[in-house]
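Enquirer: File target.cif follows (mmCIF, C-alpha atoms):
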```cif
data_structure
loop_
_atom_site.label_atom_id
_atom_site.label_comp_id
_atom_site.auth_asym_id
_atom_site.auth_seq_id
_atom_site.Cartn_x
_atom_site.Cartn_y
_atom_site.Cartn_z
CA MET K 1 0.00 0.00 0.00
CA LYS K 2 2.88 2.32 0.85
CA LYS K 3 4.40 1.58 -2.56
CA LEU K 4 1.12 2.46 -4.26
CA THR K 5 0.92 5.76 -2.40
CA ALA K 6 4.53 6.51 -3.31
CA LEU K 7 3.70 5.71 -6.91
CA PHE K 8 0.95 8.28 -7.08
CA VAL K 9 3.00 10.90 -5.27
CA ALA K 10 5.77 10.32 -7.78
CA VAL K 11 3.34 10.68 -10.68
CA ALA K 12 2.00 13.91 -9.23
CA LEU K 13 5.53 15.24 -9.11
CA PHE K 14 6.56 13.99 -12.55
CA SER K 15 3.41 14.90 -14.39
CA PRO K 16 2.90 18.63 -14.93
CA ALA K 17 -0.72 17.85 -15.84
CA PHE K 18 -1.60 17.46 -12.21
CA ALA K 19 -0.43 20.95 -11.42
CA GLN K 20 -1.36 22.64 -14.68
CA LYS K 21 -4.95 21.44 -14.70
CA MET K 22 -5.49 23.26 -11.46
CA ALA K 23 -4.61 26.60 -13.02
CA VAL K 24 -7.74 28.64 -13.62
CA PRO K 25 -8.06 31.73 -15.78
CA ALA K 26 -7.71 35.17 -14.31
CA THR K 27 -11.43 35.57 -14.88
CA SER K 28 -12.26 32.94 -12.29
CA LYS K 29 -14.72 33.85 -9.56
CA SER K 30 -13.22 32.34 -6.46
CA LYS K 31 -11.81 29.13 -5.14
CA LEU K 32 -14.52 26.76 -4.05
CA HIS K 33 -15.06 26.71 -0.31
CA VAL K 34 -16.38 23.19 0.14
CA VAL K 35 -18.25 22.20 3.27
CA ALA K 36 -19.48 18.81 4.43
CA PRO K 37 -23.19 18.03 4.60
CA ALA K 38 -24.66 18.10 8.10
CA ALA K 39 -25.58 14.41 7.95
CA LYS K 40 -24.98 11.32 5.85
CA PRO K 41 -26.53 11.90 2.41
CA LEU K 42 -29.41 9.73 1.24
CA LEU K 43 -29.72 7.84 -2.03
CA LEU K 44 -32.88 6.46 -3.58
CA HIS K 45 -32.85 4.32 -6.72
CA THR K 46 -36.00 2.32 -7.41
CA GLY K 47 -35.17 1.22 -10.94
CA LYS K 48 -38.15 3.24 -12.18
CA PRO K 49 -38.80 6.94 -12.75
CA LEU K 50 -39.32 8.69 -9.43
CA THR K 51 -42.93 9.49 -8.64
CA GLN K 52 -44.12 12.66 -6.91
CA ASN K 53 -44.87 10.51 -3.90
CA ASP K 54 -41.31 9.11 -3.92
CA LYS K 55 -39.99 12.65 -3.99
CA ARG K 56 -42.21 13.88 -1.16
CA GLN K 57 -41.32 10.93 1.05
CA PHE K 58 -37.64 11.24 0.23
CA LEU K 59 -37.62 14.93 1.16
CA ALA K 60 -39.40 14.26 4.43
CA THR K 61 -36.92 11.49 5.28
CA LEU K 62 -34.04 13.71 4.31
CA ILE K 63 -35.11 16.49 6.66
CA LYS K 64 -35.37 13.97 9.50
CA THR K 65 -31.67 13.20 9.04
CA ALA K 66 -30.72 16.75 10.09
CA PRO K 67 -28.82 16.64 13.39
CA THR K 68 -30.94 17.41 16.44
CA GLY K 69 -30.44 20.99 17.47
CA THR K 70 -30.40 22.40 13.97
CA ARG K 71 -33.83 21.04 13.07
CA LYS K 72 -37.09 22.57 14.10
CA PRO K 73 -40.17 20.39 14.57
CA GLN K 74 -41.76 21.75 11.40
CA VAL K 75 -40.87 19.93 8.21
CA ALA K 76 -40.47 22.95 5.99
CA SER K 77 -40.71 26.65 6.69
CA ALA K 78 -41.21 27.63 3.05
CA PRO K 79 -42.44 25.90 -0.11
CA PRO K 80 -39.59 24.02 -1.80
CA SER K 81 -38.03 25.74 -4.79
CA THR K 82 -36.85 23.69 -7.75
CA ILE K 83 -34.44 24.41 -10.57
CA THR K 84 -33.44 22.11 -13.42
CA LEU K 85 -29.96 21.77 -14.85
CA THR K 86 -29.54 20.35 -18.36
CA PRO K 87 -26.69 20.27 -20.88
CA GLY K 88 -28.17 23.50 -22.24
CA GLN K 89 -28.67 25.09 -18.82
CA VAL K 90 -25.53 24.38 -16.82
CA SER K 91 -26.00 26.82 -13.98
CA GLN K 92 -29.04 28.21 -12.32
CA GLY K 93 -29.53 29.98 -9.05
CA ASN K 94 -26.73 28.82 -6.80
CA VAL K 95 -26.08 25.50 -8.51
CA TYR K 96 -23.33 24.88 -11.09
CA LEU K 97 -21.99 21.93 -13.04
CA ILE K 98 -18.34 20.97 -13.24
CA MET K 99 -17.08 18.01 -15.28
CA GLU K 100 -13.77 16.23 -15.15
CA ASN K 101 -12.47 14.37 -18.21
CA PRO K 102 -15.80 13.99 -20.01
CA GLY K 103 -15.79 12.17 -23.34
CA TYR K 104 -17.44 15.08 -25.05
CA VAL K 105 -19.54 18.11 -24.25
CA ASP K 106 -22.16 18.86 -26.85
CA ALA K 107 -24.78 21.31 -25.68
CA THR K 108 -26.47 21.62 -29.05
CA HIS K 109 -27.36 17.91 -29.02
CA SER K 110 -28.00 18.07 -25.26
CA GLU K 111 -25.31 15.56 -24.55
CA PHE K 112 -22.59 15.47 -21.95
CA GLN K 113 -20.98 12.09 -22.37
CA ILE K 114 -18.88 10.73 -19.51
CA ASN K 115 -16.34 7.92 -19.74
CA PRO K 116 -16.12 4.97 -17.35
CA GLY K 117 -13.92 5.41 -14.29
CA ASP K 118 -13.83 7.75 -11.33
CA LYS K 119 -11.58 10.25 -13.12
CA SER K 120 -14.40 11.07 -15.55
CA ASN K 121 -17.28 12.58 -13.64
CA VAL K 122 -19.94 15.23 -13.24
CA SER K 123 -20.08 17.38 -10.12
CA PHE K 124 -22.81 19.64 -8.84
CA VAL K 125 -21.70 22.63 -6.84
CA ILE K 126 -24.47 23.83 -4.55
CA ALA K 127 -23.99 27.06 -2.65
CA GLY K 128 -25.46 25.68 0.55
CA GLN K 129 -27.26 27.65 3.24
CA PRO K 130 -27.78 26.75 6.90
CA ASN K 131 -30.78 24.60 7.83
CA THR K 132 -31.56 23.74 4.24
CA ALA K 133 -32.22 20.40 2.59
CA TYR K 134 -31.18 19.83 -1.02
CA TYR K 135 -32.75 17.08 -3.00
CA LEU K 136 -31.41 16.10 -6.45
CA ALA K 137 -33.41 14.03 -8.94
CA VAL K 138 -30.79 13.01 -11.47
CA LYS K 139 -31.47 11.50 -14.89
CA VAL K 140 -28.68 9.71 -16.71
CA SER K 141 -28.62 7.31 -19.65
CA THR K 142 -26.35 4.55 -20.84
CA TYR K 143 -26.16 1.65 -23.28
CA SER K 144 -24.48 -0.58 -20.72
CA THR K 145 -26.61 -3.39 -19.30
CA ALA K 146 -25.44 -3.22 -15.68
CA PRO K 147 -23.98 0.23 -15.19
CA GLN K 148 -22.63 0.88 -11.72
CA PHE K 149 -22.98 4.43 -10.52
CA THR K 150 -21.28 6.03 -7.55
CA ILE K 151 -22.39 9.34 -6.10
CA TYR K 152 -20.43 11.04 -3.39
CA THR K 153 -19.96 14.25 -1.45
CA GLY K 154 -16.68 15.70 -0.27
CA THR K 155 -13.30 16.19 -1.90
CA LEU K 156 -10.00 14.40 -1.69
CA GLY K 157 -7.19 16.20 0.08
CA THR K 158 -9.47 18.44 2.15
CA ASP K 159 -11.06 18.16 5.55
CA VAL K 160 -14.37 17.34 3.85
CA PRO K 161 -14.45 13.53 3.87
CA ILE K 162 -15.73 11.45 1.00
CA THR K 163 -19.10 9.82 1.65
CA SER K 164 -20.19 7.62 -1.23
CA GLU K 165 -23.23 5.57 -2.23
CA ASN K 166 -23.54 3.10 -5.11
CA PHE K 167 -26.29 1.59 -7.19
CA THR K 168 -26.52 -0.57 -10.27
CA GLY K 169 -28.74 0.80 -13.00
CA SER K 170 -29.90 -0.61 -16.30
CA ALA K 171 -29.50 0.10 -19.99
CA GLY K 172 -31.44 3.16 -21.10
CA ASP K 173 -32.67 5.94 -18.87
CA ASN K 174 -31.98 5.84 -15.14
CA GLU K 175 -33.32 8.18 -12.51
CA PHE K 176 -32.27 8.41 -8.89
CA ALA K 177 -32.62 10.77 -5.98
CA TYR K 178 -29.85 12.03 -3.75
CA GLY K 179 -30.27 14.35 -0.82
CA VAL K 180 -28.09 16.30 1.57
CA VAL K 181 -28.83 18.65 4.43
CA SER K 182 -26.70 21.66 5.20
CA ASN K 183 -26.21 23.44 8.51
CA SER K 184 -23.63 25.96 7.36
CA ALA K 185 -22.94 28.33 4.47
CA GLY K 186 -20.55 26.96 1.88
CA ASN K 187 -20.38 24.89 -1.26
CA ILE K 188 -21.57 21.32 -1.20
CA LEU K 189 -19.88 19.26 -3.87
CA ILE K 190 -21.75 16.21 -5.18
CA THR K 191 -19.99 14.03 -7.75
CA ILE K 192 -21.26 11.19 -9.93
CA TYR K 193 -19.23 8.66 -11.88
CA SER K 194 -19.68 5.19 -13.28
CA ALA K 195 -17.01 2.61 -12.67
CA ASN K 196 -17.87 0.58 -15.75
CA ALA K 197 -20.12 2.44 -18.19
CA TYR K 198 -20.11 5.20 -20.74
CA TRP K 199 -23.02 7.36 -19.71
CA SER K 200 -24.71 10.67 -20.43
CA PHE K 201 -25.91 13.30 -18.05
CA ASP K 202 -29.45 14.19 -19.09
CA ASN K 203 -30.76 16.53 -16.42
CA CYS K 204 -31.03 17.18 -12.72
CA GLU K 205 -33.80 18.76 -10.69
CA VAL K 206 -32.47 20.44 -7.58
CA THR K 207 -35.07 21.16 -4.93
CA SER K 208 -34.15 23.13 -1.86
CA THR K 209 -36.22 23.71 1.23
CA THR K 210 -35.39 25.40 4.52
CA PHE K 211 -36.44 23.82 7.78
CA MET P 1 14.34 5.76 -17.53
CA LYS P 2 13.06 2.18 -17.42
CA LYS P 3 11.70 2.86 -13.94
CA LEU P 4 9.90 5.95 -15.19
CA SER P 5 8.34 4.01 -18.07
CA ALA P 6 7.26 1.29 -15.67
CA LEU P 7 5.78 3.96 -13.45
CA PHE P 8 3.58 5.30 -16.22
CA VAL P 9 2.58 1.84 -17.39
CA ALA P 10 1.54 1.11 -13.83
CA VAL P 11 -0.48 4.30 -13.67
CA ALA P 12 -2.18 3.47 -16.97
CA LEU P 13 -3.18 0.14 -15.51
CA PHE P 14 -4.40 1.59 -12.24
CA ALA P 15 -6.20 4.55 -13.81
CA PRO P 16 -8.50 3.34 -16.60
CA SER P 17 -9.21 6.89 -17.74
CA PHE P 18 -5.60 7.23 -18.91
CA ALA P 19 -6.10 4.47 -21.43
CA GLN P 20 -9.67 5.37 -22.35
CA LYS P 21 -8.87 8.99 -23.16
CA VAL P 22 -6.88 8.04 -26.22
CA THR P 23 -9.88 6.48 -27.94
CA LEU P 24 -13.07 8.16 -29.06
CA SER P 25 -15.81 6.84 -26.88
CA PRO P 26 -19.13 5.74 -28.36
CA GLY P 27 -22.02 8.16 -28.03
CA THR P 28 -25.05 7.39 -25.94
CA HIS P 29 -27.58 9.40 -27.93
CA PRO P 30 -28.28 9.51 -31.66
CA ARG P 31 -26.81 12.75 -32.94
CA PRO P 32 -28.14 14.50 -36.05
CA LYS P 33 -25.41 15.50 -38.46
CA ALA P 34 -24.87 19.13 -39.33
CA THR P 35 -24.23 19.98 -42.98
CA ILE P 36 -20.56 20.88 -43.00
CA VAL P 37 -19.33 23.15 -45.76
CA ALA P 38 -15.86 24.46 -46.50
CA PRO P 39 -14.98 28.15 -46.29
CA ALA P 40 -14.80 29.87 -49.68
CA ILE P 41 -11.24 31.10 -49.03
CA THR P 42 -8.28 29.92 -47.00
CA PRO P 43 -9.09 31.45 -43.62
CA ILE P 44 -6.84 34.24 -42.34
CA LEU P 45 -5.39 34.13 -38.82
CA LEU P 46 -4.36 37.21 -36.86
CA HIS P 47 -2.59 37.14 -33.52
CA THR P 48 -0.93 40.33 -32.32
CA GLY P 49 -0.17 39.33 -28.74
CA LYS P 50 -2.72 41.90 -27.57
CA PRO P 51 -6.52 42.11 -27.59
CA ILE P 52 -7.76 42.57 -31.16
CA THR P 53 -8.83 46.18 -31.77
CA ALA P 54 -11.94 47.24 -33.70
CA ASP P 55 -9.71 48.59 -36.46
CA GLU P 56 -7.85 45.29 -36.75
CA LYS P 57 -11.16 43.45 -36.94
CA LYS P 58 -12.33 45.63 -39.85
CA GLN P 59 -9.03 45.27 -41.68
CA LEU P 60 -9.05 41.49 -41.27
CA LEU P 61 -12.61 41.19 -42.55
CA ALA P 62 -11.73 43.47 -45.47
CA SER P 63 -8.75 41.20 -46.27
CA ALA P 64 -10.99 38.16 -46.24
CA ILE P 65 -13.49 39.83 -48.57
CA LYS P 66 -10.70 40.92 -50.93
CA ALA P 67 -9.39 37.35 -51.05
CA TYR P 68 -12.87 36.16 -51.99
CA ALA P 69 -13.34 39.00 -54.51
CA ALA P 70 -10.26 37.80 -56.35
CA GLN P 71 -12.15 34.56 -57.08
CA VAL P 72 -15.28 36.33 -58.41
CA PRO P 73 -13.97 39.45 -60.18
CA LYS P 74 -17.33 40.50 -61.66
CA ALA P 75 -19.15 40.69 -58.36
CA LYS P 76 -19.52 43.91 -56.39
CA PHE P 77 -18.72 43.90 -52.68
CA LYS P 78 -19.62 46.17 -49.79
CA MET P 79 -16.66 48.19 -48.56
CA PRO P 80 -15.80 49.32 -45.99
CA VAL P 81 -17.27 46.73 -43.66
CA SER P 82 -19.18 47.66 -40.56
CA LEU P 83 -19.10 45.67 -37.35
CA PRO P 84 -21.72 45.28 -34.63
CA THR P 85 -20.79 46.86 -31.32
CA THR P 86 -21.81 43.78 -29.38
CA PRO P 87 -21.35 40.67 -31.51
CA PRO P 88 -22.84 37.33 -30.40
CA LEU P 89 -20.61 35.72 -27.78
CA LEU P 90 -20.19 32.01 -27.27
CA THR P 91 -19.23 31.23 -23.67
CA THR P 92 -18.71 28.02 -21.76
CA ASP P 93 -22.14 28.25 -20.17
CA ASN P 94 -23.78 29.29 -23.43
CA MET P 95 -22.32 27.08 -26.14
CA VAL P 96 -25.33 27.33 -28.44
CA LEU P 97 -26.20 30.57 -30.23
CA ASN P 98 -29.27 29.99 -32.36
CA GLY P 99 -28.62 30.92 -35.98
CA VAL P 100 -25.01 31.84 -35.22
CA GLY P 101 -23.18 28.70 -34.21
CA TYR P 102 -22.33 26.31 -31.45
CA GLY P 103 -19.35 24.79 -29.70
CA MET P 104 -18.47 21.26 -28.70
CA ALA P 105 -15.62 20.07 -26.51
CA ASN P 106 -14.10 16.68 -27.22
CA GLN P 107 -12.17 15.04 -24.37
CA PRO P 108 -11.55 18.16 -22.31
CA SER P 109 -9.85 17.65 -18.95
CA VAL P 110 -12.18 19.94 -17.00
CA VAL P 111 -15.43 21.73 -17.80
CA ASP P 112 -15.99 24.30 -15.10
CA PHE P 113 -19.22 26.22 -15.44
CA TYR P 114 -18.57 27.77 -12.01
CA ASN P 115 -15.45 29.62 -13.15
CA GLY P 116 -16.40 29.67 -16.85
CA TYR P 117 -13.76 27.68 -18.68
CA ILE P 118 -13.19 24.43 -20.55
CA ALA P 119 -9.68 23.07 -20.01
CA PHE P 120 -7.75 20.90 -22.44
CA ASP P 121 -4.50 19.00 -22.19
CA PRO P 122 -1.96 19.33 -25.01
CA VAL P 123 -3.22 17.34 -27.98
CA GLY P 124 -0.32 14.86 -27.98
CA GLU P 125 -1.18 11.79 -30.03
CA ASN P 126 -4.89 12.27 -29.43
CA LEU P 127 -5.68 14.56 -32.35
CA SER P 128 -9.37 14.78 -31.50
CA ARG P 129 -8.77 16.39 -28.07
CA SER P 130 -10.05 19.76 -29.22
CA LEU P 131 -12.67 22.43 -29.09
CA TYR P 132 -14.90 22.37 -32.15
CA LEU P 133 -16.81 25.44 -33.31
CA PHE P 134 -19.62 25.08 -35.81
CA ILE P 135 -20.33 28.43 -37.44
CA SER P 136 -23.69 28.77 -39.19
CA VAL P 137 -22.92 30.24 -42.61
CA GLN P 138 -24.81 31.75 -45.52
CA PRO P 139 -23.70 32.50 -49.09
CA ASN P 140 -21.85 35.76 -49.80
CA THR P 141 -21.11 36.40 -46.17
CA ALA P 142 -17.84 37.06 -44.34
CA TYR P 143 -17.20 35.76 -40.84
CA LEU P 144 -14.92 36.96 -38.09
CA ILE P 145 -14.20 34.70 -35.15
CA ILE P 146 -12.44 36.06 -32.04
CA PRO P 147 -11.65 33.26 -29.59
CA LYS P 148 -10.28 34.03 -26.14
CA VAL P 149 -8.15 31.33 -24.60
CA PHE P 150 -6.00 31.01 -21.51
CA SER P 151 -2.71 29.17 -21.39
CA SER P 152 -1.13 27.93 -18.19
CA SER P 153 2.16 27.06 -19.90
CA THR P 154 5.07 29.44 -19.52
CA GLU P 155 7.11 28.22 -22.48
CA ASN P 156 5.83 29.26 -25.90
CA PRO P 157 2.28 27.92 -25.71
CA GLN P 158 1.06 27.22 -29.23
CA ILE P 159 -2.53 27.30 -30.34
CA THR P 160 -3.63 25.78 -33.64
CA ILE P 161 -6.88 26.47 -35.48
CA SER P 162 -8.07 24.56 -38.49
CA ALA P 163 -11.09 24.66 -40.79
CA PHE P 164 -12.52 21.37 -42.03
CA LEU P 165 -12.47 21.27 -45.82
CA GLY P 166 -14.35 18.04 -46.32
CA THR P 167 -13.17 14.46 -46.53
CA GLY P 168 -9.91 14.33 -48.44
CA GLY P 169 -9.33 18.07 -48.16
CA THR P 170 -5.96 19.29 -46.94
CA PRO P 171 -6.40 20.71 -43.43
CA THR P 172 -5.80 24.43 -43.09
CA ASN P 173 -3.86 24.23 -39.84
CA GLN P 174 -2.60 27.63 -38.70
CA THR P 175 -0.61 27.99 -35.50
CA PHE P 176 0.48 30.94 -33.41
CA THR P 177 2.64 31.16 -30.32
CA GLY P 178 0.91 32.91 -27.47
CA SER P 179 1.95 33.68 -23.94
CA MET P 180 1.06 32.50 -20.48
CA GLY P 181 -2.32 33.91 -19.42
CA ASN P 182 -5.07 35.24 -21.65
CA ASN P 183 -4.65 35.17 -25.41
CA GLU P 184 -6.98 36.56 -28.04
CA PHE P 185 -6.78 35.94 -31.75
CA ALA P 186 -8.89 36.55 -34.84
CA TYR P 187 -9.84 34.21 -37.67
CA ALA P 188 -11.68 35.35 -40.77
CA PHE P 189 -13.17 33.54 -43.72
CA THR P 190 -15.98 33.86 -46.25
CA SER P 191 -18.71 31.51 -47.32
CA ASN P 192 -20.44 30.91 -50.64
CA SER P 193 -22.86 28.26 -49.39
CA SER P 194 -25.29 27.43 -46.57
CA GLY P 195 -24.47 25.10 -43.71
CA TYR P 196 -21.87 25.02 -40.97
CA VAL P 197 -18.16 25.72 -41.18
CA GLN P 198 -16.38 23.44 -38.72
CA LEU P 199 -13.38 24.88 -36.92
CA GLN P 200 -11.11 22.94 -34.59
CA ILE P 201 -8.88 24.52 -31.94
CA TRP P 202 -6.18 22.70 -29.99
CA SER P 203 -2.73 23.16 -28.57
CA PRO P 204 0.17 20.98 -29.63
CA ASN P 205 2.19 21.76 -26.51
CA SER P 206 0.18 23.58 -23.85
CA PHE P 207 -2.49 23.12 -21.23
CA TRP P 208 -5.10 25.66 -22.24
CA ASN P 209 -8.62 26.82 -21.48
CA PHE P 210 -11.35 28.01 -23.78
CA LEU P 211 -13.04 31.10 -22.35
CA SER P 212 -15.25 32.63 -25.05
CA CYS P 213 -15.60 33.39 -28.73
CA GLU P 214 -17.09 36.36 -30.58
CA ILE P 215 -18.77 35.46 -33.86
CA THR P 216 -19.54 38.18 -36.38
CA ALA P 217 -21.27 37.67 -39.72
CA THR P 218 -21.13 40.43 -42.37
CA PRO P 219 -22.95 40.26 -45.72
CA MET P 220 -20.44 40.96 -48.49
CA MET P 221 -22.91 42.21 -51.12
#
```
Do you think you could lay out the structure here as structure tokens?

Expert:
Amino acid sequence: MKKLTALFVAVALFSPAFAQKMAVPATSKSKLHVVAPAAKPLLLHTGKPLTQNDKRQFLATLIKTAPTGTRKPQVASAPPSTITLTPGQVSQGNVYLIMENPGYVDATHSEFQINPGDKSNVSFVIAGQPNTAYYLAVKVSTYSTAPQFTIYTGTLGTDVPITSENFTGSAGDNEFAYGVVSNSAGNILITIYSANAYWSFDNCEVTSTTF
Amino acid sequence: MKKLSALFVAVALFAPSFAQKVTLSPGTHPRPKATIVAPAITPILLHTGKPITADEKKQLLASAIKAYAAQVPKAKFKMPVSLPTTPPLLTTDNMVLNGVGYGMANQPSVVDFYNGYIAFDPVGENLSRSLYLFISVQPNTAYLIIPKVFSSSTENPQITISAFLGTGGTPTNQTFTGSMGNNEFAYAFTSNSSGYVQLQIWSPNSFWNFLSCEITATPMM
């Protein structure tokens, strides 16, 4: 294991790509301040499109995961607000997309194609607010028959630990729900990859509700 | 040296994306084909090392129109050319401009809609690792493209732009050497048909980011 670690450290030192990729243009807004969710995120994959009832129940369960002390007895203090990200609408409100090593990015044909492996992924950056639950209904598609998807929060090399969930989808369209609660202001980073399948990001509904 | 080679072989084995990036991956959606047409002239590249001025833009467009006029001596052309004050702008979070054109990134390393850039590694042996621009064209029209890119390489970063001339056509690769940081350049051509002109931008030696691209269409007659 030590040898493997040394191997990757050596590659990081030898390969300028590791350093150069991190360079961002002078026009960049700011470095992401990533925070951890307040509780373990939830994943729901039924193998079918999510129903309104699935979504309502998921959101209610999600809010119950908020640590005691930050949660009030009421479920929601305001009606949930929903935005939808698509390949043609890559940022909205306080939610942005970031992709690492996609196969190709073709907004005009509404296709963001992602390669297999954890190095090729789609991330959602949510500018989180205290006492707020964020629920993502993500639609992806693939030709693979048993695509394995991993969705995680956190970032490597920071004090925000990686918390990951997995599910096995099917060929064609796949929809799943993922939820996090936030008890502080900061960016929540949610990343999706498939270990074994070429896949496309189709869209993502992001619903937020304060509690 | 052997140890270094072994190191990279080991990494290729441990990191599947290293191996996968060198091949074009299959699509997951059916994609309608755009009608690709060739420019009517060999496109003209201008890189001054500074932001392109309005005067330089007009002169470059005029040069493109003159090059086209030489092919059709009997036709009458509008001169001098006028330019819109705010031309349509393709950006990373708006890669589709209806009726103007669209962009597509093939095998970028990072697409960051938060900071507004698409990053690419040097093209290396993977010649398709590029930004593609599809410019919607009409007959008797001149086009001026002003891409803005960012290079993170300190040593002579090169940027190449090429127009697709059809299967069997000789590529019109044109390369300039920029500098670390923001680089702006201009590319002008004319069209005598309807469809899309396909441009490809890559760097042979530099890590670079696409930031934006102005697209101006000017009727020549």

Enquirer: Suppose a student applies the PyMOL selection byres ((chain K and resi 105) around 6) to this structure; what residues should they get, written as a list of chain:residue names?

Expert: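 In the shown coordinates, the PyMOL selection byres ((chain K and resi 105) around 6) covers K:Tyr104, K:Asp106, K:Phe112, P:Met104, P:Ala105.
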
Enquirer: Could you check how far atom CA of K:Leu42 sits from atom CA of K:Phe201, in Å to one decimal?

Expert: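 These atoms are spaced 19.9 Å apart.
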
Enquirer: Of the candidates P:Val149, P:Val81, P:Leu144, P:Ile65, which shows the shortest atom-to-atom distance to chain K, using all atoms listed in the file?

Expert: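 Smallest separation from chain K among the options: P:Val149.
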
Enquirer: Need the shell around P:Ser63: protein/DNA/RNA residues with any atom at most 12 Å away, counting all atoms listed in the file. Skip same-chain ones fewer than 2 positions apart. Format as a list in words?

Expert: Ile41, Thr42, Pro43, Ile44, Leu45, Leu46, Glu56, Lys57, Lys58, Gln59, Leu60, Leu61, Ile65, Lys66, Ala67, Tyr68, Ala69, Ala70, Met79, Pro80, Val81, Ala142, Tyr143, Leu144, Tyr187, Ala188, Phe189, Thr190 and Met220 of chain P

Enquirer: Which residues would end up in the selection if the PyMOL selection byres ((chain K and resi 63) around 10) were applied here, given that I need the answer as a PyMOL selection string?

Expert: chain K and resi 39+58-62+64-67+71-72+74-76+131-135+179-182+209-211

Enquirer: Rank nothing, just name the residue among P:Gly168, P:Pro51, P:Pro108, P:Pro88 nearest to chain K, using all atoms listed in the file.

Expert: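 Of P:Gly168, P:Pro51, P:Pro108, P:Pro88, the one nearest chain K, counting all atoms listed in the file, is P:Pro108.
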
Enquirer: Could you state the separation of atom CA of P:Leu131 and atom CA of P:Glu155 in Å, given to one decimal place?

Expert: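 Atom CA of P:Glu155 lies 21.6 Å from atom CA of P:Leu131.
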
Enquirer: Just the number, please: distance in Å from atom CA of P:Asn156 to atom CA of P:Cys213, one decimal.

Expert: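 Rounded to one decimal, the two atoms are 22.0 Å apart.
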
Enquirer: With the PyMOL selection byres ((chain K and resi 160-173) around 9) as the selection, what would be picked from this file? Answer as a ChimeraX atom specification, please.

Expert: /K:34-37,40-45,47,49,139-159,174-175,202

Enquirer: Go through K:Gln113, K:Thr86, K:Thr207, K:Ser184 one by one, measure the shortest atom-to-atom distance of each to chain P using all atoms listed in the file, and give the residue with the smallest value.

Expert: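 Of K:Gln113, K:Thr86, K:Thr207, K:Ser184, the one nearest chain P is K:Gln113, counting all atoms listed in the file.
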
Enquirer: Would you compute an axis-aligned box for stretch 125-141 of chain P, covering every atom listed for it in the file with 4 Å of margin on each side, and report centre and edge lengths in Å to one decimal as AutoDock Vina command-line options?

Expert:
```
--center_x -13.0 --center_y 24.1 --center_z -38.9 --size_x 31.6 --size_y 32.6 --size_z 29.7
```

Enquirer: Using only C-alpha atoms, which residue out of K:Thr191, K:Thr108, K:Gln52, K:Asn121 lies closest to chain P?

Expert: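 So, comparing all the options, the nearest one is K:Thr108.
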
Enquirer: Counting all atoms listed in the file, which of K:Asn53, K:Asn196, K:Asn101, K:Gln89 gets nearest to chain P?

Expert: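 So, comparing all the options, the nearest one is K:Asn101.
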
Enquirer: For P:Thr167, please output as a ChimeraX atom specification all residues within 12 Å (counting all atoms listed in the file; exclusion window: fewer than 2 positions along the same chain).

Expert: /P:36-38,163-165,169-171

Enquirer: List as a PDB file with C-alpha atoms, in the coordinates of the input the protein and nucleic acid residues near P:Pro157, meaning an atom at most 10 Å away when only C-alpha atoms are counted, but skip any in the same chain fewer than 5 places from it.

Expert:
```pdb
ATOM      1  CA  PRO P 122      -1.960  19.330 -25.010  1.00  0.00           C
ATOM      2  CA  PHE P 150      -6.000  31.010 -21.510  1.00  0.00           C
ATOM      3  CA  SER P 151      -2.710  29.170 -21.390  1.00  0.00           C
ATOM      4  CA  SER P 152      -1.130  27.930 -18.190  1.00  0.00           C
ATOM      5  CA  PHE P 176       0.480  30.940 -33.410  1.00  0.00           C
ATOM      6  CA  THR P 177       2.640  31.160 -30.320  1.00  0.00           C
ATOM      7  CA  GLY P 178       0.910  32.910 -27.470  1.00  0.00           C
ATOM      8  CA  SER P 179       1.950  33.680 -23.940  1.00  0.00           C
ATOM      9  CA  MET P 180       1.060  32.500 -20.480  1.00  0.00           C
ATOM     10  CA  GLY P 181      -2.320  33.910 -19.420  1.00  0.00           C
ATOM     11  CA  SER P 203      -2.730  23.160 -28.570  1.00  0.00           C
ATOM     12  CA  PRO P 204       0.170  20.980 -29.630  1.00  0.00           C
ATOM     13  CA  ASN P 205       2.190  21.760 -26.510  1.00  0.00           C
ATOM     14  CA  SER P 206       0.180  23.580 -23.850  1.00  0.00           C
ATOM     15  CA  PHE P 207      -2.490  23.120 -21.230  1.00  0.00           C
ATOM     16  CA  TRP P 208      -5.100  25.660 -22.240  1.00  0.00           C
TER      17      TRP P 208
END
```
